[in-house]
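Novice: Have a look at the structure that comes next, please.
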2 protein chains.
Amino acid sequence: MEKLPGEVGRIEVEAAGGGYPVVVGYGLLDALPRVLASVAQGRRVAVVSDSHVDPLHAARVRECLEESGIDAYGLTFPAGEASKTRKTWSILTDRLLEAGLGRDSCVVAVGGGVTTDLAGFVAATYLRGVPVVQCPTSYLAMIDASVGGKTGVDVRAGKNLVGAFHPPLAVVADVDVLTTLPIPERAQGLVEAVKHGAILDEDHFERIGRDVAALLEASPEDAASLVLESVRIKADVVSRDEFEGGYRQVLNFGHTVGHAIEAAADFALGHGSAVALGMLAEAELGERMGVTVPGTRERLAGVLERLLTDLALPDTDAPAFDFLAADKKSREGHVRYVLLERIGRCAAGDGWTYEAPEALVAEVLSSLHAA
Amino acid sequence: MEKLPGEVGRIEVEAAGGGYPVVVGYGLLDALPRVLASVAQGRRVAVVSDSHVDPLHAARVRECLEESGIDAYGLTFPAGEASKTRKTWSILTDRLLEAGLGRDSCVVAVGGGVTTDLAGFVAATYLRGVPVVQCPTSYLAMIDASVGGKTGVDVRAGKNLVGAFHPPLAVVADVDVLTTLPIPERAQGLVEAVKHGAILDEDHFERIGRDVAALLEASPEDAASLVLESVRIKADVVSRDEFEGGYRQVLNFGHTVGHAIEAAADFALGHGSAVALGMLAEAELGERMGVTVPGTRERLAGVLERLLTDLALPDTDAPAFDFLAADKKSREGHVRYVLLERIGRCAAGDGWTYEAPEALVAEVLSSLHAA
């Protein structure tokens, strides 16, 4: 694909069925007709977005596609994680069928992580798979959800338990749209960037600490360079281990405990806040197990507390500990944790994960309350 | 995988994520612990079958696995195409989650095409994909459904419109179980073998005509050699074009019209009968368009009418013609047909398919009533 107007940079992600570019820049949503002409050869397009993003960005995308002679069909669902279900997936699928979209059509997802995951899963299973172009509109979706080909929905038993690997044709990250994102959501998304730095790149970690204010403001230059750098880190991991056979586990740092905290709080807590607490807990766990350099938790807290000023474990009826065993990353019933060696480097462990004594985990979790 | 006791032969199918063997032989269901030890390394196993096949074969499979120290969890759903829905898929998925099966588990599908398609789709989407071993128990599933990685469910708008490509770890075709299949269902399945001969192998086609009686009887030697030969033909096609980009289209001979006939008859007609009528119609179409050698339809009818003695187009309220445009193989709204050059060879066309004048299609379809 030729260089797009407004493009700041791009990262190529390797995938089994052929790699794909993640293009980062300014005003890129207006360049979508060019992207589609290049990767999808004038297919009919279904633009999927939620009720919040549709008027903000997706309507413009459809207009822009139609003006270029591409037949763009709009599909909208109610905004929110509560929509990320098999039911919404069924409804969207049936609407595509009613619209008569064939195997030569293409899904364009415009939105945050819920939209990219849900629309990606629709594309993965529609007529046994049609291509998808991901246009993430949140920090979280730009640096995490839309890179790596994971798609899926939540079920009662947990988040993302049903889904498929379905790499996109391309990811188009237009950082200009970040200004329409509420500031607390920007902070939630940036937690994943902190994670990227914590597991693999100390400079990236330090830089986020330094630029917190500009990043929360979503100043375009700062946002573009941050997104590019986080995508570079994530792309490097998923290119080495597309199907999470081993190394890709490192991206789950903070997530084993984070998911349990989310579930215990019945998702009243943001994903970023839960992962932030999860990273603190797993850093503490690593330090107590002698795997992680002392002081790591404190360095993490230094950045995370600037990002999330109200970071605290919510009081819940069920302790997070009870939700740990249900994690889908458990192997034969044993819960496993990604631990840091230090900021910028994961500990190798057994396939990049560790078991931990249950009593110690319980102690670390209760210490979060005091934090 | 080492040679199994009772194995007659095997075909290797190529697939993007690594190929897989289709093993054909006698009493192979008893060798499943060996297969699983070889391809799935002692995973926890979910044995999926329908209410009809469960007591006949799946219960024995579970017992056999448990005796070999493999933890086998049984999942059964009501027999019949009516179960091949997103709802059953959801129920089976939720039961796997309740049973706590993790990403290191493996689905074993024991049954006909409904089971292999449905269980395959459960495996394709469970925790973003766990492996599946397919144990087809019908002719149709052995020679067609379980080879090529297609999985999926039916929706109101049509059959197999939601699904995924999810190649199995292995396919184990135990021809001994065919004797438990009602004879009319054996005939339905053999229609796909006739198709394999018609599109790619005149000898195979002639051989089915010669051996109809023994094949309907499911004499083990005849059944094994037929299944092996049909799998060889299908495997050759799907190895060349796994994702149906072009060449794999040839397997749809008889299916464009066949699916429309099925839909018009509201699925009161067997899939094999519908495809048989579809092949006759598409042979007639090809002859009238000057693409297919004259007399081809007659040769097809000679074999198909011995297989299906009651072959006739059912009288329906809605003509099959009305259902043609809904076919998912349509490209930008144009219905396309696979046409033979002669028995044993497809006509190249444009990507192995042809458009046909609507008036001619309507005429050919109405001529089926008179046949």
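Every chain in the structure tokens has a letter given in the order shown (A, B, ...), and although residue numbers restart at 1 in each chain, ligands are simply numbered from 1 in the order shown.
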Should the cut-off be 7 Å, what would the residue list for chain B against chain A look like, counting only C-alpha atoms, as a list in words?
Specialist: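 Every residue meeting the condition is included here: Leu97, Gly102, Arg103, Asp104, Ala124, Thr125, Tyr126, Leu127, Arg128, Gly129, Ala157, Leu161, Val162, Gly163, Ala164, Phe165, Lys328, Ser330, Arg331 and Glu332 of chain B.
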Novice: With a distance cut-off of 7 Å and only C-alpha atoms, select the neighbouring residues of range 200-215 of chain B, excluding the residue or stretch itself and same-chain residues fewer than 3 positions from it, and output the selection as a list in words.
Specialist: Val194, His196, Gly197, Ala218, Ser219, Asp222, Ala223, Val303, Leu307, Ile343, Gly344, Arg345 and Cys346 of chain B
Novice: Could those residues be written to a file, using N, CA and C atoms, as a JSON list (two decimals), in the first residue's frame?
Specialist:
```
[["chain", "number", "residue", "atom", "x", "y", "z"],
["B", 194, "VAL", "N", -19.94, -39.52, -6.30],
["B", 194, "VAL", "CA", -20.24, -39.41, -7.74],
["B", 194, "VAL", "C", -19.75, -38.05, -8.24],
["B", 196, "HIS", "N", -17.30, -36.25, -7.04],
["B", 196, "HIS", "CA", -15.83, -36.28, -7.14],
["B", 196, "HIS", "C", -15.38, -36.90, -8.46],
["B", 197, "GLY", "N", -16.04, -38.04, -8.82],
["B", 197, "GLY", "CA", -15.72, -38.66, -10.09],
["B", 197, "GLY", "C", -16.07, -37.76, -11.27],
["B", 218, "ALA", "N", -22.29, -51.23, 2.06],
["B", 218, "ALA", "CA", -21.16, -50.80, 2.90],
["B", 218, "ALA", "C", -20.24, -51.97, 3.22],
["B", 219, "SER", "N", -20.03, -52.83, 2.25],
["B", 219, "SER", "CA", -19.03, -53.89, 2.42],
["B", 219, "SER", "C", -17.70, -53.20, 2.74],
["B", 222, "ASP", "N", -15.02, -52.50, -0.06],
["B", 222, "ASP", "CA", -15.48, -51.53, -1.06],
["B", 222, "ASP", "C", -15.57, -50.14, -0.47],
["B", 223, "ALA", "N", -16.12, -50.08, 0.74],
["B", 223, "ALA", "CA", -16.28, -48.77, 1.38],
["B", 223, "ALA", "C", -14.93, -48.11, 1.60],
["B", 303, "VAL", "N", -25.94, -43.28, -13.32],
["B", 303, "VAL", "CA", -25.41, -43.68, -12.01],
["B", 303, "VAL", "C", -26.32, -43.19, -10.89],
["B", 307, "LEU", "N", -28.50, -45.09, -7.69],
["B", 307, "LEU", "CA", -28.20, -44.80, -6.29],
["B", 307, "LEU", "C", -29.46, -44.35, -5.57],
["B", 343, "ILE", "N", -17.44, -35.88, -18.26],
["B", 343, "ILE", "CA", -17.29, -36.65, -17.02],
["B", 343, "ILE", "C", -15.79, -36.77, -16.72],
["B", 344, "GLY", "N", -15.37, -36.35, -15.53],
["B", 344, "GLY", "CA", -13.96, -36.44, -15.14],
["B", 344, "GLY", "C", -13.18, -35.16, -15.34],
["B", 345, "ARG", "N", -13.82, -34.13, -15.86],
["B", 345, "ARG", "CA", -13.10, -32.87, -16.07],
["B", 345, "ARG", "C", -14.05, -31.66, -16.01],
["B", 346, "CYS", "N", -13.64, -30.67, -15.21],
["B", 346, "CYS", "CA", -14.42, -29.43, -15.13],
["B", 346, "CYS", "C", -13.99, -28.48, -16.24]]
```
Novice: Provide the CA of Val237 in chain A to CA of Gly19 in chain A distance in Å, to one decimal place.
Specialist: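 Those two atoms sit 13.7 Å apart.
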Novice: Could you pull out the alpha helix (DSSP H) residues of range 46-180 of chain A, going by DSSP on the backbone, and write them as a ChimeraX atom specification?
Specialist: /A:53,59-67,86-98,113-125,139-140
Novice: Expressed in Å to a single decimal, how great is the separation between CA of Thr76 in chain A and CA of Cys64 in chain A?
Specialist: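 Here the two named atoms are 17.3 Å from each other.
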